[in-house]
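A.B. asks: There's a structure below that I have some questions on.
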Amino acid sequence: MAVNMKSKFVASLWLFIGGISFLAGSYGLYRLYDQAGKMEHTVGVVTHLKTEKIYRHRKQRYKHTARIRYKTKLHDTHIRKELHNPFIFQGSEISLWYNPERPEEVIIPLEDGLVWGSVWIFGVFCLFTGAGIATFKKKHFP
C-alpha cells in the first residue's frame with residue numbers, strides 16, 4: 001500500500017512539474033512567434049564583448065555583456081545586452097529583431113528560442129515520465 005501511494009505521489013509530482021514547464025515553454029514560444037510579425041528583422045554585429053567571472057558561494061559563472069551595432073531603417077544604432085550563448089564572439093553577426101517605434105527594444109530570437117524551447121522540451125519529458133510511471137504502476141501493481 002505504501003509503495004502505491006509513493007508512486008502516485010511521484011507520478012503526480014512529475015506531471016505537475018511537466019505541466020507547468022510545458023505551459024511556460026508554450027507561452028514563451030508563442031510570445032516569441034507573436035513578436036516576429038511585429039518587429040523588424042536585421043543582423044547585428046558584436047563590436048565589443050566583455051566577459052566577467054562572478055563568484056558566488058561555491059559557484060562560478062561567467063557574464064557576457066555585448067555591445068551590438070545594427071542598422072535600422074532610419075540610422076545605425078547600438079545596444080548593450082547580456083548574452084547567454086557562450087559561442088558568440090567579438091565580430092560575430094547575430095540575427096536580431098527590433099521594435100520600429102523604439103529601436104533600442106531588441107530581441108535576440110536564437111537565445112530566447114533556446115531558452116523557451118528547452119523549458120518546453122523539459123516539460124514534455126516530465127509529462128511523459130509521469131504518465132509512464134502512472135501507467136507502469138497501474139499495470140504491474142493493481
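Residue numbers start at 1 in each chain; chains themselves are named A, B, ... in the order of the C-alpha cells; ligands are numbered from 1 in the order shown.
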Apply DSSP to the backbone of this structure and, from region 20-128 of chain A, keep only the residues in helix (DSSP H, G or I); write these as number ranges by chain.
C.D. replies: A: 20-38, 109-128
A.B. asks: Env of Leu114 (chain A): 12 Å cut, atoms = only C-alpha atoms, seq-sep filter 2 positions within chain, self excluded. Answer as a compact mmCIF listing (two decimals) with all heavy atoms, in the first residue's frame.
C.D. replies:
# COMPACT_ATOMS: atom_id res chain seq x y z
N GLY A 25 6.83 27.04 -21.35
CA GLY A 25 7.55 26.97 -22.62
C GLY A 25 6.67 27.29 -23.81
O GLY A 25 7.09 28.00 -24.74
N GLY A 28 6.09 31.08 -23.80
CA GLY A 28 7.28 31.80 -24.25
C GLY A 28 7.51 31.67 -25.74
O GLY A 28 7.84 32.66 -26.42
N LEU A 29 7.33 30.47 -26.29
CA LEU A 29 7.49 30.29 -27.73
C LEU A 29 6.40 31.01 -28.51
O LEU A 29 6.67 31.59 -29.57
CB LEU A 29 7.51 28.79 -28.07
CG LEU A 29 8.75 28.03 -27.63
CD1 LEU A 29 8.56 26.53 -27.85
CD2 LEU A 29 9.98 28.53 -28.37
N LEU A 32 7.26 34.69 -28.53
CA LEU A 32 8.34 34.93 -29.49
C LEU A 32 7.81 34.91 -30.92
O LEU A 32 8.16 35.76 -31.73
CB LEU A 32 9.44 33.88 -29.29
CG LEU A 32 10.72 34.08 -30.07
CD1 LEU A 32 11.42 35.35 -29.64
CD2 LEU A 32 11.64 32.88 -29.86
N HIS A 84 23.64 34.98 -23.33
CA HIS A 84 23.74 33.72 -22.60
C HIS A 84 24.39 32.64 -23.46
O HIS A 84 24.68 31.56 -22.98
CB HIS A 84 22.36 33.26 -22.14
CG HIS A 84 21.68 34.27 -21.28
ND1 HIS A 84 22.07 34.53 -19.99
CD2 HIS A 84 20.67 35.12 -21.53
CE1 HIS A 84 21.32 35.48 -19.48
NE2 HIS A 84 20.46 35.85 -20.39
N ASN A 85 24.61 32.93 -24.72
CA ASN A 85 25.24 31.98 -25.63
C ASN A 85 26.76 32.14 -25.55
O ASN A 85 27.30 33.17 -25.91
CB ASN A 85 24.76 32.26 -27.06
CG ASN A 85 25.24 31.23 -28.05
OD1 ASN A 85 26.13 30.44 -27.77
ND2 ASN A 85 24.65 31.24 -29.23
N ILE A 108 16.79 38.93 -29.27
CA ILE A 108 17.69 38.03 -30.00
C ILE A 108 16.97 36.69 -30.06
O ILE A 108 16.89 35.97 -29.07
CB ILE A 108 19.05 37.92 -29.31
CG1 ILE A 108 19.70 39.31 -29.25
CG2 ILE A 108 19.95 36.94 -30.05
CD1 ILE A 108 20.99 39.37 -28.49
N PRO A 109 16.38 36.36 -31.22
CA PRO A 109 15.49 35.19 -31.28
C PRO A 109 16.17 33.85 -31.00
O PRO A 109 15.54 32.96 -30.45
CB PRO A 109 14.94 35.24 -32.71
CG PRO A 109 15.89 36.08 -33.47
CD PRO A 109 16.51 37.03 -32.51
N LEU A 110 17.45 33.72 -31.35
CA LEU A 110 18.12 32.45 -31.09
C LEU A 110 18.20 32.17 -29.60
O LEU A 110 17.90 31.06 -29.15
CB LEU A 110 19.53 32.46 -31.69
CG LEU A 110 20.36 31.20 -31.44
CD1 LEU A 110 19.71 30.00 -32.12
CD2 LEU A 110 21.77 31.39 -31.91
N GLU A 111 18.58 33.16 -28.82
CA GLU A 111 18.70 32.96 -27.37
C GLU A 111 17.34 32.70 -26.73
O GLU A 111 17.19 31.78 -25.94
CB GLU A 111 19.36 34.16 -26.72
CG GLU A 111 20.83 34.24 -27.03
CD GLU A 111 21.57 35.09 -26.04
OE1 GLU A 111 20.96 35.76 -25.21
OE2 GLU A 111 22.81 35.06 -26.10
N ASP A 112 16.35 33.52 -27.05
CA ASP A 112 15.02 33.33 -26.46
C ASP A 112 14.41 32.01 -26.90
O ASP A 112 13.76 31.32 -26.11
CB ASP A 112 14.10 34.49 -26.84
CG ASP A 112 14.46 35.78 -26.13
OD1 ASP A 112 15.37 35.75 -25.29
OD2 ASP A 112 13.83 36.80 -26.43
N TRP A 116 13.21 29.11 -24.18
CA TRP A 116 11.83 28.64 -24.11
C TRP A 116 11.66 27.26 -24.72
O TRP A 116 10.83 26.47 -24.24
CB TRP A 116 10.88 29.64 -24.75
CG TRP A 116 10.82 30.91 -23.98
CD1 TRP A 116 11.21 32.15 -24.39
CD2 TRP A 116 10.36 31.07 -22.62
NE1 TRP A 116 11.02 33.06 -23.38
CE2 TRP A 116 10.50 32.43 -22.29
CE3 TRP A 116 9.86 30.20 -21.67
CZ2 TRP A 116 10.15 32.94 -21.04
CZ3 TRP A 116 9.51 30.70 -20.43
CH2 TRP A 116 9.66 32.05 -20.12
N GLY A 117 12.43 26.93 -25.75
CA GLY A 117 12.37 25.58 -26.31
C GLY A 117 12.87 24.53 -25.33
O GLY A 117 12.31 23.44 -25.23
N SER A 118 13.91 24.86 -24.57
CA SER A 118 14.43 23.93 -23.56
C SER A 118 13.41 23.71 -22.44
O SER A 118 13.22 22.59 -21.97
CB SER A 118 15.73 24.47 -22.96
OG SER A 118 16.71 24.59 -23.95
N VAL A 119 12.75 24.78 -22.02
CA VAL A 119 11.70 24.65 -20.99
C VAL A 119 10.57 23.77 -21.51
O VAL A 119 10.05 22.91 -20.79
CB VAL A 119 11.19 26.04 -20.56
CG1 VAL A 119 9.96 25.93 -19.66
CG2 VAL A 119 12.29 26.82 -19.84
N TRP A 120 10.18 23.97 -22.76
CA TRP A 120 9.10 23.18 -23.36
C TRP A 120 9.49 21.70 -23.46
O TRP A 120 8.70 20.82 -23.10
CB TRP A 120 8.77 23.73 -24.75
CG TRP A 120 7.57 23.11 -25.36
CD1 TRP A 120 6.27 23.45 -25.15
CD2 TRP A 120 7.56 22.02 -26.29
NE1 TRP A 120 5.45 22.63 -25.90
CE2 TRP A 120 6.21 21.75 -26.60
CE3 TRP A 120 8.55 21.26 -26.89
CZ2 TRP A 120 5.84 20.75 -27.48
CZ3 TRP A 120 8.17 20.25 -27.76
CH2 TRP A 120 6.83 20.01 -28.05
N ILE A 121 10.71 21.42 -23.91
CA ILE A 121 11.18 20.04 -24.03
C ILE A 121 11.26 19.37 -22.66
O ILE A 121 10.88 18.21 -22.49
CB ILE A 121 12.53 19.98 -24.77
CG1 ILE A 121 12.31 20.32 -26.25
CG2 ILE A 121 13.20 18.63 -24.61
CD1 ILE A 121 13.59 20.51 -27.03
N PHE A 122 11.74 20.11 -21.65
CA PHE A 122 11.77 19.58 -20.29
C PHE A 122 10.36 19.25 -19.81
O PHE A 122 10.14 18.21 -19.17
CB PHE A 122 12.44 20.59 -19.35
CG PHE A 122 12.45 20.16 -17.92
CD1 PHE A 122 13.29 19.15 -17.49
CD2 PHE A 122 11.61 20.77 -16.99
CE1 PHE A 122 13.29 18.75 -16.16
CE2 PHE A 122 11.60 20.38 -15.67
CZ PHE A 122 12.45 19.37 -15.25
A.B. asks: CA of Phe87 (chain A) and CA of Glu40 (chain A), how far apart in Å?
C.D. replies: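 CA of Phe87 (chain A) lies at a distance of 24.4 Å from CA of Glu40 (chain A).
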A.B. asks: Using only C-alpha atoms, find the one residue out of A:Pro103, A:Tyr98, A:His64, A:Phe128 that sits nearest to Gly37 (chain A).
C.D. replies: A:Tyr98
A.B. asks: Would you please work out which residue, of A:His41, A:Gly19, A:Ala134, A:Ile54, is nearest to Lys73 (chain A) when using only C-alpha atoms?
C.D. replies: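 Using only C-alpha atoms, the shortest distance to Lys73 (chain A) belongs to A:His41.
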A.B. asks: When distances are computed from only C-alpha atoms, which of A:Leu127, A:Thr135, A:Glu52, A:Glu82 shows the smallest separation from Leu13 (chain A)?
C.D. replies: A:Leu127
A.B. asks: Write out as a VMD selection string which residues come within 9 Å of region 44-48 of chain A when counting only C-alpha atoms, dropping same-chain ones fewer than 3 positions away.
C.D. replies: chain A and resid 65 to 71 78 88 to 96
A.B. asks: Let me see the file: selected residues, C-alpha atoms, as an mmCIF file, in the first residue's frame.
C.D. replies:
data_model
loop_
_atom_site.group_PDB
_atom_site.id
_atom_site.type_symbol
_atom_site.label_atom_id
_atom_site.label_comp_id
_atom_site.auth_asym_id
_atom_site.auth_seq_id
_atom_site.Cartn_x
_atom_site.Cartn_y
_atom_site.Cartn_z
ATOM 1 C CA THR A 65 27.884 41.605 -21.967
ATOM 2 C CA ALA A 66 27.989 42.615 -25.615
ATOM 3 C CA ARG A 67 27.726 45.859 -27.496
ATOM 4 C CA ILE A 68 25.793 45.112 -30.658
ATOM 5 C CA ARG A 69 25.688 47.500 -33.620
ATOM 6 C CA TYR A 70 22.816 47.208 -36.082
ATOM 7 C CA LYS A 71 21.107 49.230 -38.799
ATOM 8 C CA HIS A 78 23.785 50.070 -30.850
ATOM 9 C CA ILE A 88 29.210 34.364 -29.645
ATOM 10 C CA PHE A 89 32.463 36.266 -30.004
ATOM 11 C CA GLN A 90 33.539 39.774 -30.890
ATOM 12 C CA GLY A 91 32.875 40.295 -34.597
ATOM 13 C CA SER A 92 30.073 37.717 -34.706
ATOM 14 C CA GLU A 93 26.984 38.529 -36.723
ATOM 15 C CA ILE A 94 23.727 37.702 -34.964
ATOM 16 C CA SER A 95 20.137 37.911 -36.066
ATOM 17 C CA LEU A 96 18.017 40.284 -34.018
#
